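Trainee: Please find one structure pasted underneath; my questions will follow.
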Amino acid sequence: MTKLLEVDEVKKLETQIQKGLEEYTHLTVDIPDSKKEYKRRFNLINEEINIDEVEFDDFTEDIFSLTVKIPDTKKEYRERFGI
Amino acid sequence: MNYETKESLKSLFIKLAHQIIGLYSDELKVYIYHDELTEDIFYEYEKIKEDIKNNIIDAEFLADRHKIAAFFISSIMKKEPIKIKVNKTDISDNELSMLVNFNLSIVFANYVIKVFYKKRYNKELKIISPKSYDDKSKKTYNDQLFTLVRDIINMEEKVLLLTLSHILFLIEKYSECMQNK
């Protein structure tokens, strides 16, 4: 037997669907206009970037934020890295 | 990559290697990194790049900054330029050596991306690495990245490194979004 939904339930569903559609639109990939564009975007024809000089500042802060903490024991090592 | 860029990256790499060693010198016995190993790393990078280029059957293949970074991660992990000996822990030299060299590779890879990003867009990018971790498994964001890199470099198929370059792209875009928030 078909169950009739209350009005507020229908409205809630509509909102959910609308929200879902918005997310879907946001997540879809634009269709490329040409094969050349497709290849450029998805198949590795990228510009190689040549730079004349490399500048870098003090990177101590970055080193701390990007490095992995050394585990104290083999057990910890195994747990964290799934050996 | 032109000569000047390569030489600049080499000096950056040597500086980073010494900083990473300094970071762990209290905790581990670290064998000092030999600057000459830098040549091996850059040679290995070229080798990986050529190998992938030949495997994807695309004559127009050129590397962008994420691929350059991914290839360097692989070459550093393969050559393991920092040699260590365990001092305090019961973990093997090999396992810890892999971790320390991973740290060097990921910091260097992020700098490659930052430097090329700045040149391309004329603005700074700070690569974000969230500190949070999963309470239950104690895994951090960087732990996950380490596991991924270890798995990828242990596979025979070098083309899989392109997967890593896509992930580096996503990390860059995530950092960009957070920066512009």
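In the structure tokens, the first chain shown is A, the next is B, and so on; residue numbers restart at 1 for each chain, and ligands run from 1 in the order shown.
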Go through chain B residue by residue and, counting only C-alpha atoms, keep those with an atom at most 8 Å from chain A; for each kept residue give the shortest atom pair and its distance in Å to one decimal, ordered by chain and increasing number, as JSON lines.
Mentor:
{"residue": "B:Met1", "atom": "CA", "partner": "A:Asn50", "partner_atom": "CA", "distance": 5.6}
{"residue": "B:Asn2", "atom": "CA", "partner": "A:Asn50", "partner_atom": "CA", "distance": 6.5}
{"residue": "B:Glu4", "atom": "CA", "partner": "A:Asp52", "partner_atom": "CA", "distance": 6.3}
{"residue": "B:Thr5", "atom": "CA", "partner": "A:Glu53", "partner_atom": "CA", "distance": 5.8}
{"residue": "B:Ser8", "atom": "CA", "partner": "A:Val54", "partner_atom": "CA", "distance": 5.8}
{"residue": "B:Leu9", "atom": "CA", "partner": "A:Val54", "partner_atom": "CA", "distance": 7.0}
{"residue": "B:Leu12", "atom": "CA", "partner": "A:Phe56", "partner_atom": "CA", "distance": 7.9}
{"residue": "B:Gln19", "atom": "CA", "partner": "A:Thr60", "partner_atom": "CA", "distance": 7.7}
{"residue": "B:Ile20", "atom": "CA", "partner": "A:Ile63", "partner_atom": "CA", "distance": 7.5}
{"residue": "B:Glu60", "atom": "CA", "partner": "A:Ile45", "partner_atom": "CA", "distance": 6.2}
{"residue": "B:Phe61", "atom": "CA", "partner": "A:Ile45", "partner_atom": "CA", "distance": 5.4}
{"residue": "B:Leu62", "atom": "CA", "partner": "A:Glu48", "partner_atom": "CA", "distance": 5.5}
{"residue": "B:Ala63", "atom": "CA", "partner": "A:Glu48", "partner_atom": "CA", "distance": 5.3}
{"residue": "B:Asp64", "atom": "CA", "partner": "A:Glu48", "partner_atom": "CA", "distance": 5.2}
{"residue": "B:Arg65", "atom": "CA", "partner": "A:Ile49", "partner_atom": "CA", "distance": 7.2}
{"residue": "B:Lys88", "atom": "CA", "partner": "A:Asp72", "partner_atom": "CA", "distance": 7.9}
{"residue": "B:Thr89", "atom": "CA", "partner": "A:Asp72", "partner_atom": "CA", "distance": 5.6}
{"residue": "B:Asp90", "atom": "CA", "partner": "A:Thr73", "partner_atom": "CA", "distance": 5.8}
{"residue": "B:Ile91", "atom": "CA", "partner": "A:Lys74", "partner_atom": "CA", "distance": 4.9}
{"residue": "B:Leu96", "atom": "CA", "partner": "A:Ile70", "partner_atom": "CA", "distance": 7.5}
{"residue": "B:Leu99", "atom": "CA", "partner": "A:Val68", "partner_atom": "CA", "distance": 7.3}
{"residue": "B:Asn103", "atom": "CA", "partner": "A:Thr67", "partner_atom": "CA", "distance": 5.0}
{"residue": "B:Leu104", "atom": "CA", "partner": "A:Thr67", "partner_atom": "CA", "distance": 7.9}
{"residue": "B:Ile106", "atom": "CA", "partner": "A:Leu66", "partner_atom": "CA", "distance": 7.2}
{"residue": "B:Val107", "atom": "CA", "partner": "A:Ile63", "partner_atom": "CA", "distance": 6.3}
{"residue": "B:Val115", "atom": "CA", "partner": "A:Val54", "partner_atom": "CA", "distance": 6.4}
{"residue": "B:Phe116", "atom": "CA", "partner": "A:Ile49", "partner_atom": "CA", "distance": 7.0}
{"residue": "B:Lys119", "atom": "CA", "partner": "A:Ile51", "partner_atom": "CA", "distance": 6.9}
{"residue": "B:Arg120", "atom": "CA", "partner": "A:Ile49", "partner_atom": "CA", "distance": 7.9}
{"residue": "B:Ser129", "atom": "CA", "partner": "A:Leu66", "partner_atom": "CA", "distance": 6.1}
{"residue": "B:Lys131", "atom": "CA", "partner": "A:Ser65", "partner_atom": "CA", "distance": 7.5}
{"residue": "B:Ser137", "atom": "CA", "partner": "A:Arg80", "partner_atom": "CA", "distance": 6.7}
{"residue": "B:Lys138", "atom": "CA", "partner": "A:Arg80", "partner_atom": "CA", "distance": 6.5}
{"residue": "B:Lys139", "atom": "CA", "partner": "A:Arg80", "partner_atom": "CA", "distance": 5.4}
{"residue": "B:Asn142", "atom": "CA", "partner": "A:Val68", "partner_atom": "CA", "distance": 5.9}
{"residue": "B:Asp143", "atom": "CA", "partner": "A:Val68", "partner_atom": "CA", "distance": 6.4}
{"residue": "B:Gln144", "atom": "CA", "partner": "A:Phe81", "partner_atom": "CA", "distance": 7.5}
{"residue": "B:Phe146", "atom": "CA", "partner": "A:Phe81", "partner_atom": "CA", "distance": 7.7}
{"residue": "B:Thr147", "atom": "CA", "partner": "A:Phe81", "partner_atom": "CA", "distance": 5.7}
Trainee: Give me, as a list in words, all polymer residues having an atom no more than 8 Å from Leu161 in chain B, counting only C-alpha atoms and skipping those fewer than 3 positions away in the same chain.
Mentor: Lys67, Ala70, Phe71, Ser74, Ile152, Ile153, Lys158, Leu164 and Ser165 of chain B
Trainee: Generate the output file for the selected residues, N, CA and C atoms, as a CSV table (one decimal), in the first residue's frame.
Mentor:
chain,number,residue,atom,x,y,z
B,67,LYS,N,53.8,16.6,-11.7
B,67,LYS,CA,54.5,15.4,-12.1
B,67,LYS,C,56.0,15.5,-11.7
B,70,ALA,N,56.2,14.6,-8.2
B,70,ALA,CA,56.0,13.1,-8.0
B,70,ALA,C,57.2,12.3,-8.4
B,71,PHE,N,57.8,12.7,-9.5
B,71,PHE,CA,59.0,12.0,-9.9
B,71,PHE,C,60.2,12.2,-8.9
B,74,SER,N,59.7,9.9,-6.0
B,74,SER,CA,60.1,8.6,-6.3
B,74,SER,C,61.7,8.4,-6.3
B,152,ILE,N,53.1,3.0,-3.7
B,152,ILE,CA,53.3,3.3,-5.1
B,152,ILE,C,54.7,3.0,-5.5
B,153,ILE,N,55.7,3.4,-4.8
B,153,ILE,CA,57.1,3.2,-5.2
B,153,ILE,C,57.5,1.8,-5.2
B,158,LYS,N,55.9,2.1,-13.2
B,158,LYS,CA,56.2,3.5,-12.8
B,158,LYS,C,55.1,4.5,-13.2
B,164,LEU,N,50.1,9.7,-8.1
B,164,LEU,CA,50.7,10.6,-7.0
B,164,LEU,C,50.7,12.0,-7.5
B,165,SER,N,51.0,12.3,-8.7
B,165,SER,CA,51.0,13.7,-9.2
B,165,SER,C,49.5,14.2,-9.2
Trainee: Considering only C-alpha atoms, tabulate each residue of range 61-122 of chain B that lies at most 12 Å from range 173-181 of chain B along with its nearest interatomic pair and the corresponding distance in Å to one decimal; arrange the rows by chain and ascending residue number and present them as JSON lines.
Mentor:
{"residue": "B:His66", "atom": "CA", "partner": "B:Lys173", "partner_atom": "CA", "distance": 11.3}
{"residue": "B:Asn110", "atom": "CA", "partner": "B:Ser175", "partner_atom": "CA", "distance": 11.2}
{"residue": "B:Ile113", "atom": "CA", "partner": "B:Lys173", "partner_atom": "CA", "distance": 11.2}
{"residue": "B:Lys114", "atom": "CA", "partner": "B:Ser175", "partner_atom": "CA", "distance": 10.8}
{"residue": "B:Tyr117", "atom": "CA", "partner": "B:Glu176", "partner_atom": "CA", "distance": 10.6}
{"residue": "B:Tyr121", "atom": "CA", "partner": "B:Glu176", "partner_atom": "CA", "distance": 11.7}
Trainee: Have a look at CA of Ala69 in chain B and CA of Tyr111 in chain B and let me know their distance in Å, one decimal.
Mentor: 8.5 Å
Trainee: Hey, which of B:Leu16, B:Leu23, B:Ile82, B:Leu145 ends up closest to Leu37 in chain B? Count only C-alpha atoms.
Mentor: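 Closest residue, counting only C-alpha atoms: B:Ile82.
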Trainee: Write out as an NGL selection string each polymer residue whose atoms come within 9 Å of Lys49 in chain B, counting only C-alpha atoms; drop sequence neighbours fewer than 2 positions from it.
Mentor: :B and (44-47 or 51-54 or 63 or 67-68 or 71)
Trainee: Would you mind exporting the chosen residues as a short mmCIF file (atom, residue, chain, number, x, y, z; two decimals), in the first residue's frame, restricted to N, CA and C atoms?
Mentor:
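Saved the output as result_18.cif:
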data_model
loop_
_atom_site.label_atom_id
_atom_site.label_comp_id
_atom_site.auth_asym_id
_atom_site.auth_seq_id
_atom_site.Cartn_x
_atom_site.Cartn_y
_atom_site.Cartn_z
N GLU B 44 68.31 10.14 -11.45
CA GLU B 44 67.20 9.20 -11.30
C GLU B 44 65.88 9.86 -11.72
N TYR B 45 65.72 11.13 -11.37
CA TYR B 45 64.52 11.89 -11.77
C TYR B 45 64.37 11.88 -13.30
N GLU B 46 65.48 12.17 -14.00
CA GLU B 46 65.44 12.19 -15.47
C GLU B 46 65.08 10.81 -16.02
N LYS B 47 65.62 9.79 -15.37
CA LYS B 47 65.38 8.41 -15.81
C LYS B 47 63.89 8.05 -15.67
N ASP B 51 61.25 7.22 -18.65
CA ASP B 51 60.60 5.93 -18.61
C ASP B 51 59.08 6.08 -18.75
N ILE B 52 58.54 7.04 -18.01
CA ILE B 52 57.08 7.26 -18.06
C ILE B 52 56.68 7.81 -19.44
N LYS B 53 57.49 8.71 -19.92
CA LYS B 53 57.24 9.32 -21.23
C LYS B 53 57.15 8.23 -22.31
N ASN B 54 58.06 7.27 -22.23
CA ASN B 54 58.09 6.18 -23.23
C ASN B 54 56.93 5.22 -23.04
N ALA B 63 56.20 17.32 -18.65
CA ALA B 63 55.88 17.26 -17.23
C ALA B 63 55.45 18.62 -16.70
N LYS B 67 53.82 16.57 -11.67
CA LYS B 67 54.54 15.37 -12.12
C LYS B 67 56.02 15.48 -11.74
N ILE B 68 56.57 16.67 -11.94
CA ILE B 68 57.97 16.86 -11.54
C ILE B 68 58.13 16.50 -10.06
N PHE B 71 57.84 12.71 -9.49
CA PHE B 71 59.03 11.98 -9.94
C PHE B 71 60.19 12.16 -8.95
#
